[in-house]
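Here is the file input.txt (compact mmCIF, C-alpha atoms and all ligand atoms).
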```
# COMPACT_ATOMS: atom_id res chain seq x y z
CA MET A 1 0.00 0.00 0.00
CA THR A 2 1.23 3.50 -0.78
CA LYS A 3 2.42 5.37 2.29
CA ALA A 4 1.47 8.93 3.10
CA LEU A 5 4.23 11.46 3.57
CA PRO A 6 6.21 10.64 6.74
CA HIS A 7 4.98 13.69 8.65
CA VAL A 8 1.38 12.68 7.90
CA GLU A 9 2.02 9.02 8.88
CA ASN A 10 3.37 10.32 12.19
CA MET A 11 0.34 12.48 12.98
CA SER A 12 -2.39 11.36 15.34
CA PRO A 13 -5.91 12.01 14.08
CA TYR A 14 -7.45 15.18 15.57
CA ALA A 15 -9.21 14.20 18.81
CA LEU A 16 -12.93 14.72 18.21
CA ALA A 17 -15.52 14.91 20.96
CA ASP A 18 -16.97 11.54 22.04
CA MET A 19 -20.72 11.96 22.25
CA THR A 20 -22.48 8.62 22.42
CA ALA A 21 -25.07 8.93 25.14
CA PRO A 22 -26.00 5.70 26.95
CA ALA A 23 -29.08 4.06 25.42
CA GLY A 24 -32.30 5.85 26.31
CA MET A 25 -30.59 8.93 27.72
CA ARG A 26 -30.80 12.41 26.26
CA LEU A 27 -27.42 13.67 25.16
CA VAL A 28 -26.26 16.83 26.92
CA SER A 29 -23.29 18.04 24.91
CA LEU A 30 -21.21 20.64 26.70
CA SER A 31 -18.09 19.49 24.92
CA GLN A 32 -17.63 21.57 21.78
CA ASN A 33 -18.06 25.19 22.86
CA GLU A 34 -21.16 25.51 20.76
CA SER A 35 -23.59 28.32 21.52
CA LEU A 36 -26.34 27.83 24.07
CA ARG A 37 -28.93 28.58 21.40
CA GLY A 38 -29.40 28.27 17.66
CA PRO A 39 -28.61 30.89 15.03
CA SER A 40 -30.55 34.11 14.59
CA PRO A 41 -33.92 33.32 12.93
CA LYS A 42 -32.91 35.90 10.31
CA ALA A 43 -29.83 33.81 9.47
CA VAL A 44 -31.92 30.65 9.15
CA ALA A 45 -34.42 32.41 6.88
CA ALA A 46 -31.62 33.82 4.71
CA ALA A 47 -30.05 30.36 4.32
CA ALA A 48 -33.40 28.79 3.46
CA ALA A 49 -34.15 31.49 0.89
CA CYS A 50 -30.98 30.80 -1.04
CA LEU A 51 -31.18 26.99 -1.18
CA ILE A 52 -32.80 27.35 -4.58
CA LYS A 53 -29.45 28.67 -5.86
CA GLY A 54 -27.79 25.43 -4.81
CA GLY A 55 -27.20 24.41 -8.42
CA ASN A 56 -24.61 27.14 -8.83
CA TYR A 57 -21.21 27.52 -7.30
CA PRO A 58 -21.11 29.99 -4.42
CA GLU A 59 -19.69 33.53 -4.62
CA PRO A 60 -15.97 32.66 -4.43
CA ASP A 61 -14.95 36.01 -3.05
CA TRP A 62 -17.54 36.25 -0.22
CA PHE A 63 -18.35 39.80 -1.41
CA ASP A 64 -21.48 40.49 0.64
CA LEU A 65 -20.09 38.85 3.77
CA ARG A 66 -16.77 40.69 3.59
CA HIS A 67 -18.58 44.00 3.18
CA ALA A 68 -21.00 43.30 6.03
CA LEU A 69 -18.05 42.47 8.31
CA ALA A 70 -16.05 45.46 7.10
CA ASP A 71 -18.95 47.85 7.74
CA LEU A 72 -19.60 46.40 11.19
CA HIS A 73 -16.01 46.56 12.38
CA GLY A 74 -14.83 49.61 10.43
CA ILE A 75 -12.11 47.64 8.66
CA PRO A 76 -11.11 47.30 4.99
CA ALA A 77 -13.10 44.65 3.11
CA GLN A 78 -10.16 43.80 0.85
CA GLY A 79 -8.13 42.50 3.81
CA ILE A 80 -10.79 39.96 4.81
CA LEU A 81 -10.58 36.25 3.96
CA CYS A 82 -13.34 33.81 4.87
CA GLY A 83 -12.79 30.17 5.71
CA SER A 84 -14.80 27.06 6.30
CA GLY A 85 -14.56 27.83 10.00
CA SER A 86 -11.55 29.65 11.38
CA LEU A 87 -9.98 26.22 11.63
CA ASP A 88 -9.67 26.30 7.84
CA LEU A 89 -7.88 29.66 7.97
CA ILE A 90 -5.49 28.47 10.70
CA ALA A 91 -4.53 25.49 8.52
CA CYS A 92 -4.13 27.66 5.42
CA VAL A 93 -1.90 30.17 7.21
CA ALA A 94 0.30 27.32 8.46
CA ARG A 95 0.36 25.79 4.96
CA ALA A 96 1.55 29.08 3.49
CA TYR A 97 3.96 30.23 6.20
CA ALA A 98 5.25 27.20 8.15
CA GLY A 99 7.32 24.22 7.08
CA PRO A 100 10.36 22.07 7.87
CA ASP A 101 12.64 25.07 8.46
CA ARG A 102 9.90 27.49 9.54
CA THR A 103 8.81 26.73 13.06
CA VAL A 104 5.52 27.45 14.80
CA LEU A 105 5.46 28.84 18.35
CA THR A 106 2.49 28.82 20.68
CA SER A 107 1.77 28.66 24.39
CA ALA A 108 1.45 25.62 26.61
CA HIS A 109 -2.35 25.43 26.88
CA ALA A 110 -3.18 26.82 23.47
CA TYR A 111 -5.96 25.59 21.20
CA PRO A 112 -4.81 22.08 20.14
CA PHE A 113 -5.53 22.68 16.47
CA PHE A 114 -2.46 24.95 16.31
CA ARG A 115 -0.41 21.79 16.84
CA THR A 116 -2.34 19.98 14.12
CA ALA A 117 -1.82 22.88 11.71
CA ALA A 118 1.93 22.82 12.41
CA GLN A 119 2.03 19.04 11.90
CA MET A 120 0.13 19.29 8.62
CA ALA A 121 2.72 21.80 7.43
CA ASN A 122 5.53 19.49 8.60
CA ALA A 123 6.74 22.24 10.92
CA ARG A 124 8.20 21.86 14.41
CA LEU A 125 5.98 23.21 17.17
CA ASP A 126 7.68 25.06 20.02
CA ILE A 127 5.77 25.56 23.24
CA ALA A 128 6.17 28.45 25.68
CA PRO A 129 4.93 28.02 29.25
CA GLU A 130 1.85 29.84 30.51
CA THR A 131 1.42 31.49 33.89
CA ASP A 132 -1.63 30.35 35.78
CA CYS A 133 -3.39 29.19 32.58
CA CYS A 134 -2.81 32.56 30.95
CA VAL A 135 -0.65 33.43 27.94
CA ASP A 136 2.71 34.76 29.13
CA VAL A 137 4.18 37.23 26.64
CA ASP A 138 7.67 37.15 28.17
CA ALA A 139 7.71 33.35 27.90
CA LEU A 140 6.61 33.51 24.26
CA LEU A 141 9.31 36.05 23.45
CA ALA A 142 11.88 33.89 25.24
CA GLY A 143 10.67 30.91 23.17
CA VAL A 144 11.46 32.53 19.82
CA GLN A 145 14.14 30.62 17.88
CA ALA A 146 16.18 31.54 14.84
CA ASP A 147 13.76 29.55 12.65
CA THR A 148 10.50 30.76 14.23
CA ALA A 149 8.15 31.84 11.44
CA LEU A 150 4.68 31.83 12.94
CA VAL A 151 3.27 32.55 16.41
CA PHE A 152 -0.30 31.53 17.28
CA VAL A 153 -2.05 33.13 20.24
CA ALA A 154 -5.71 32.48 20.98
CA ASN A 155 -7.12 35.41 22.91
CA PRO A 156 -9.27 34.58 24.80
CA GLY A 157 -7.67 31.16 25.08
CA ASN A 158 -9.33 27.80 24.61
CA PRO A 159 -9.45 25.76 26.86
CA THR A 160 -8.23 28.23 29.49
CA GLY A 161 -10.97 30.85 28.99
CA THR A 162 -8.52 33.58 30.03
CA ARG A 163 -7.43 36.61 28.04
CA ILE A 164 -4.53 39.01 27.98
CA PRO A 165 -5.06 42.73 27.33
CA LYS A 166 -4.35 44.29 23.96
CA SER A 167 -1.39 46.10 25.52
CA GLU A 168 0.24 42.68 26.04
CA LEU A 169 -0.42 41.66 22.44
CA LEU A 170 1.16 44.92 21.29
CA ARG A 171 4.17 44.16 23.48
CA LEU A 172 4.36 40.69 21.93
CA ARG A 173 4.19 42.05 18.37
CA ALA A 174 6.81 44.69 19.17
CA GLY A 175 9.14 42.06 20.65
CA LEU A 176 8.93 39.65 17.70
CA ARG A 177 11.26 39.91 14.72
CA ASP A 178 9.65 41.63 11.75
CA ASP A 179 9.75 38.43 9.71
CA ILE A 180 7.65 36.48 12.24
CA LEU A 181 3.94 36.36 11.49
CA LEU A 182 1.70 36.75 14.56
CA VAL A 183 -1.77 35.17 14.38
CA ILE A 184 -4.23 36.36 17.02
CA ASP A 185 -7.14 33.96 17.11
CA GLU A 186 -10.18 35.72 18.57
CA ALA A 187 -12.71 32.90 18.16
CA TYR A 188 -14.34 34.01 21.44
CA GLY A 189 -13.67 37.72 20.91
CA GLU A 190 -17.31 38.81 20.85
CA PHE A 191 -17.77 37.63 24.42
CA SER A 192 -15.15 40.11 25.66
CA ASP A 193 -15.33 42.90 23.06
CA HIS A 194 -16.54 45.28 25.76
CA MET A 195 -13.35 44.75 27.81
CA ASP A 196 -10.72 46.23 25.52
CA ALA A 197 -10.00 48.07 22.29
CA PRO A 198 -10.20 45.92 19.13
CA CYS A 199 -6.99 44.56 17.63
CA TRP A 200 -7.75 45.36 13.99
CA ASP A 201 -5.10 48.10 13.83
CA MET A 202 -2.42 45.52 14.72
CA VAL A 203 -2.93 43.98 11.27
CA GLU A 204 -0.93 46.85 9.80
CA ALA A 205 2.14 45.16 11.28
CA ASN A 206 2.97 41.52 10.50
CA CYS A 207 -0.21 40.26 12.14
CA ILE A 208 -3.48 38.46 11.35
CA VAL A 209 -6.64 38.61 13.48
CA LEU A 210 -9.05 35.66 13.13
CA ARG A 211 -12.68 35.43 14.19
CA THR A 212 -15.52 32.97 13.70
CA LEU A 213 -19.29 32.90 13.56
CA SER A 214 -19.27 29.51 15.34
CA LYS A 215 -19.41 30.83 18.88
CA ALA A 216 -21.19 34.10 19.76
CA TYR A 217 -23.12 34.00 16.46
CA SER A 218 -24.32 30.44 17.18
CA MET A 219 -23.42 29.20 13.70
CA ALA A 220 -20.90 26.37 14.21
CA GLY A 221 -22.74 24.12 11.74
CA PHE A 222 -22.57 26.71 8.97
CA ARG A 223 -18.76 26.72 9.17
CA VAL A 224 -17.96 30.39 8.73
CA GLY A 225 -14.67 31.80 9.96
CA TRP A 226 -12.96 34.95 8.83
CA GLY A 227 -9.93 37.06 9.43
CA LEU A 228 -8.35 40.41 8.72
CA PHE A 229 -5.03 40.01 6.92
CA PRO A 230 -2.39 42.41 5.63
CA ASP A 231 -3.09 42.58 1.88
CA VAL A 232 0.15 40.87 0.86
CA ILE A 233 -0.45 37.99 3.26
CA ALA A 234 -4.09 37.65 2.20
CA GLY A 235 -2.87 37.22 -1.37
CA GLN A 236 -0.51 34.39 -0.39
CA VAL A 237 -2.98 32.57 1.87
CA ARG A 238 -5.67 32.79 -0.83
CA LYS A 239 -3.45 30.66 -3.09
CA VAL A 240 -3.61 27.67 -0.73
CA MET A 241 -7.35 27.87 0.01
CA ASN A 242 -10.15 25.84 -1.47
CA PRO A 243 -11.44 28.39 -4.00
CA ASN A 244 -15.12 27.64 -3.25
CA ASN A 245 -14.94 27.04 0.46
CA LEU A 246 -18.18 28.59 1.76
CA THR A 247 -21.56 27.39 0.54
CA SER A 248 -24.07 29.96 -0.71
CA ALA A 249 -26.35 29.11 2.22
CA SER A 250 -23.54 29.70 4.72
CA GLN A 251 -22.66 33.03 3.17
CA ALA A 252 -26.28 34.21 3.11
CA ALA A 253 -26.83 33.07 6.71
CA ALA A 254 -23.60 34.72 7.83
CA VAL A 255 -24.52 38.08 6.30
CA ALA A 256 -27.91 38.00 8.03
CA ALA A 257 -26.30 36.98 11.33
CA VAL A 258 -23.73 39.78 11.15
CA LEU A 259 -26.52 42.27 10.49
CA ASP A 260 -28.48 40.95 13.48
CA GLN A 261 -26.17 42.31 16.18
CA THR A 262 -29.02 42.45 18.69
CA TYR A 263 -29.38 38.67 18.60
CA MET A 264 -25.64 38.02 18.90
CA ARG A 265 -25.22 40.48 21.79
CA GLU A 266 -28.19 38.91 23.56
CA THR A 267 -26.53 35.50 23.21
CA CYS A 268 -23.37 36.90 24.81
CA THR A 269 -25.34 38.37 27.70
CA MET A 270 -27.26 35.13 28.29
CA THR A 271 -24.01 33.16 28.14
CA SER A 272 -22.09 35.32 30.57
CA GLY A 273 -25.00 35.29 33.04
CA ILE A 274 -25.17 31.48 33.10
CA ARG A 275 -21.36 31.25 33.09
CA GLN A 276 -20.89 33.46 36.14
CA GLN A 277 -23.59 31.57 38.00
CA ALA A 278 -21.94 28.25 37.03
CA ILE A 279 -18.55 29.45 38.26
CA LEU A 280 -20.06 30.48 41.60
CA SER A 281 -21.93 27.19 41.99
CA LEU A 282 -18.93 25.04 41.06
CA ARG A 283 -16.65 26.94 43.42
CA SER A 284 -19.16 26.70 46.24
CA ILE A 285 -19.21 22.92 45.76
CA GLY A 286 -15.44 22.94 46.09
CA PHE A 287 -14.20 22.79 42.50
CA GLU A 288 -11.26 24.83 41.26
CA VAL A 289 -12.55 26.83 38.30
CA ARG A 290 -10.70 29.45 36.26
CA ASP A 291 -12.30 32.82 35.63
CA SER A 292 -13.55 32.87 32.06
CA VAL A 293 -14.48 35.50 29.48
CA THR A 294 -15.82 32.92 27.01
CA ASN A 295 -18.70 30.47 26.58
CA PHE A 296 -16.96 27.74 28.60
CA VAL A 297 -15.22 27.21 31.91
CA LEU A 298 -12.17 25.18 32.83
CA ILE A 299 -12.44 22.94 35.88
CA LEU A 300 -9.15 21.79 37.39
CA PHE A 301 -8.98 18.49 39.30
CA ALA A 302 -6.33 17.18 41.67
CA ASP A 303 -4.83 14.94 38.98
CA GLU A 304 -5.47 13.20 35.68
CA ASP A 305 -7.15 10.17 37.28
CA THR A 306 -9.64 12.30 39.17
CA ALA A 307 -10.52 14.27 36.04
CA SER A 308 -10.98 11.03 34.15
CA GLN A 309 -13.28 9.60 36.86
CA ALA A 310 -15.43 12.74 36.92
CA ASP A 311 -15.61 12.69 33.13
CA ALA A 312 -16.66 9.02 33.10
CA ALA A 313 -19.31 9.62 35.78
CA LEU A 314 -20.87 12.42 33.76
CA SER A 315 -20.68 10.57 30.43
CA ALA A 316 -22.51 7.66 32.04
CA GLN A 317 -25.38 10.11 32.61
CA GLY A 318 -25.25 11.35 29.00
CA VAL A 319 -23.53 14.61 30.01
CA PHE A 320 -20.38 15.26 27.98
CA LEU A 321 -17.70 17.72 29.01
CA ARG A 322 -14.25 17.61 27.34
CA ARG A 323 -10.92 16.25 28.58
CA GLN A 324 -7.96 18.51 27.81
CA GLN A 325 -4.90 16.27 27.42
CA GLY A 326 -4.25 17.81 23.99
CA ALA A 327 -3.89 21.23 25.60
CA GLY A 328 -1.44 20.01 28.23
CA LEU A 329 -4.13 19.93 30.93
CA PRO A 330 -4.81 16.23 31.56
CA HIS A 331 -6.18 17.10 35.03
CA ALA A 332 -8.86 19.43 33.62
CA LEU A 333 -12.35 19.25 32.15
CA ARG A 334 -13.75 22.01 30.00
CA MET A 335 -17.46 22.66 30.30
CA THR A 336 -19.26 24.63 27.60
CA ILE A 337 -21.94 26.97 28.90
CA GLY A 338 -25.13 25.47 27.54
CA PRO A 339 -28.75 26.37 28.15
CA GLU A 340 -29.38 26.86 31.86
CA PRO A 341 -31.06 23.46 32.50
CA ASP A 342 -28.22 21.56 30.77
CA THR A 343 -25.52 23.53 32.57
CA GLN A 344 -27.29 22.97 35.87
CA LYS A 345 -27.62 19.25 35.10
CA ALA A 346 -23.86 19.02 34.60
CA ILE A 347 -23.21 20.89 37.85
CA ASP A 348 -25.64 18.63 39.73
CA HIS A 349 -23.90 15.51 38.40
CA LEU A 350 -20.49 16.94 39.27
CA GLU A 351 -21.72 17.67 42.78
CA ARG A 352 -23.09 14.12 43.13
CA TRP A 353 -19.86 12.64 41.79
CA LYS A 354 -17.81 14.71 44.24
CA ARG A 355 -19.97 13.68 47.17
CA GLU A 356 -19.76 10.01 46.23
CA ALA A 357 -16.03 10.19 45.51
CA GLN A 358 -15.44 11.59 48.99
CA THR A 359 -17.39 8.90 50.82
C1 LIG B 1 -9.53 29.16 19.83
C2 LIG B 1 -10.31 28.58 18.70
N1 LIG B 1 -9.96 28.90 17.45
C3 LIG B 1 -10.61 28.40 16.40
C4 LIG B 1 -11.67 27.51 16.56
C5 LIG B 1 -12.30 26.95 15.33
O1 LIG B 1 -13.59 27.39 15.18
P1 LIG B 1 -14.36 27.25 13.82
O2 LIG B 1 -13.53 26.42 12.89
O3 LIG B 1 -15.65 26.62 14.16
O4 LIG B 1 -14.51 28.65 13.31
C6 LIG B 1 -12.06 27.14 17.83
C7 LIG B 1 -13.16 26.18 18.01
O5 LIG B 1 -13.45 25.67 19.05
C8 LIG B 1 -11.36 27.69 18.94
O6 LIG B 1 -11.68 27.35 20.18
```
Re-express the file's structure as structure tokens.
Ligand SMILES: Cc1ncc(COP(=O)(O)O)c(C=O)c1O
Amino acid sequence: MTKALPHVENMSPYALADMTAPAGMRLVSLSQNESLRGPSPKAVAAAAACLIKGGNYPEPDWFDLRHALADLHGIPAQGILCGSGSLDLIACVARAYAGPDRTVLTSAHAYPFFRTAAQMANARLDIAPETDCCVDVDALLAGVQADTALVFVANPGNPTGTRIPKSELLRLRAGLRDDILLVIDEAYGEFSDHMDAPCWDMVEANCIVLRTLSKAYSMAGFRVGWGLFPDVIAGQVRKVMNPNNLTSASQAAAVAAVLDQTYMRETCTMTSGIRQQAILSLRSIGFEVRDSVTNFVLILFADEDTASQADAALSAQGVFLRRQQGAGLPHALRMTIGPEPDTQKAIDHLERWKREAQT
């Protein structure tokens, strides 16, 4: 049998969420950082209305979507690229800018797909430590090597849920060599937009800012990610992208969702309300939980075994959180903030597990 390229043979498949609920039990999935509610009804209607155009290829240049995003954020439409999820864009950036002699640098508990993207590009991945589950700019700067080409920072971070201020990102950009490309992944940015100035102006330097409609816009199934790129970099990344990557329905839905800011902001408010209550409840039961500015929380256990037992106890009840070995946190579980009853159900089962584990 033909062998794949050695770096592909050596890769492990990306760890997907396990979500097989025991027979007869309703699945409660709090494992994929999906939104606690569905997309804006306006987005659904827009997608439905364009299904009739399904016989034609989609708009390859995402014209309407780029302009809706540009108008909303006050940024240039020509610097925007759209991907089949921001995952797609992360992989394309790595494909264009990383390789055997062009290393990728990220932080210890970064989004695990950064590792996958580096592996797909056959690039070495260097890891800088974090401080208290938070990106540490000094550690990243100290981790830069002669062959570092690309630095990925998710801000806020997944699975940590923490964020660093824009001033720290500016310090990072200023401390990196000019030939190193900095990618700031703001997949959860909408949940903390009110906390800081936007990073769009950083794109003027050697920097990309990525966002997605999967989280605050509740559109994970439509697969719409986007980013603001310096023009020259956008031109290079475009060459390695699937030229027809976003379906017509996804583009139409995305435009409608972007125009429906009221719905998205309401989702953020609902999410942060349930999240803060969940953090309080979990702490009062005795769990160690990180502060979070996202739609998930990170629960830290004494060790890997304990995290695994809690995870198994919840899965047996059809409630799925997510282990975090891939992010260097084998003693943690990440819990997505779902609708209030589902989130409460997970907390109740965690409380029961803790009580039983202690007796
Ligand atoms: C930090 C981060 N970046 C990117 C993504 C990818 O999102 P999508 O491909 O759905 O846009 C995720 C998804 O969980 C994420 O957590």
Problem set entry | Expected answer as a count of residues only: residues within 8 Å of ligand LIG 1 (chain B), all atoms listed in the file | 34
Exercise. Which distance in Å separates atom CA of Tyr97 of chain A and atom CA of Ile80 of chain A, to one decimal?
Worked result: 17.7 Å
Problem set entry | Computed interatomic separation between atom CA of Ala139 of chain A and atom CA of Lys166 of chain A (Å) | 16.8 Å
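With all atoms listed in the file as the atoms that count, the residue of A:Leu280, A:Asn295, A:Ala149, A:Gln251 with the shortest distance to Arg66 of chain A is A:Gln251.
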For this session: May I have the residues at most 8 Å from (-6.7, 18.0, 16.2) in the file's coordinates, counting only C-alpha atoms, as number ranges by chain?
Result: A: 12-16, 112-113, 115-116
For this session: Write out as JSON, numbers by chain which residues come within 12 Å of Thr262 of chain A when counting all atoms listed in the file, dropping same-chain ones fewer than 5 positions away.
Result: {"A": [40, 41, 42, 216, 217, 256, 257, 267, 268, 269]}
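Among A:Val319, A:Ile285, A:Val151, A:Ala253, the residue with the shortest atom-to-atom distance to Asp64 of chain A, counting all atoms listed in the file, is A:Ala253.
Atom CA of Phe63 of chain A sits 27.3 Å away from atom CA of Ser192 of chain A.
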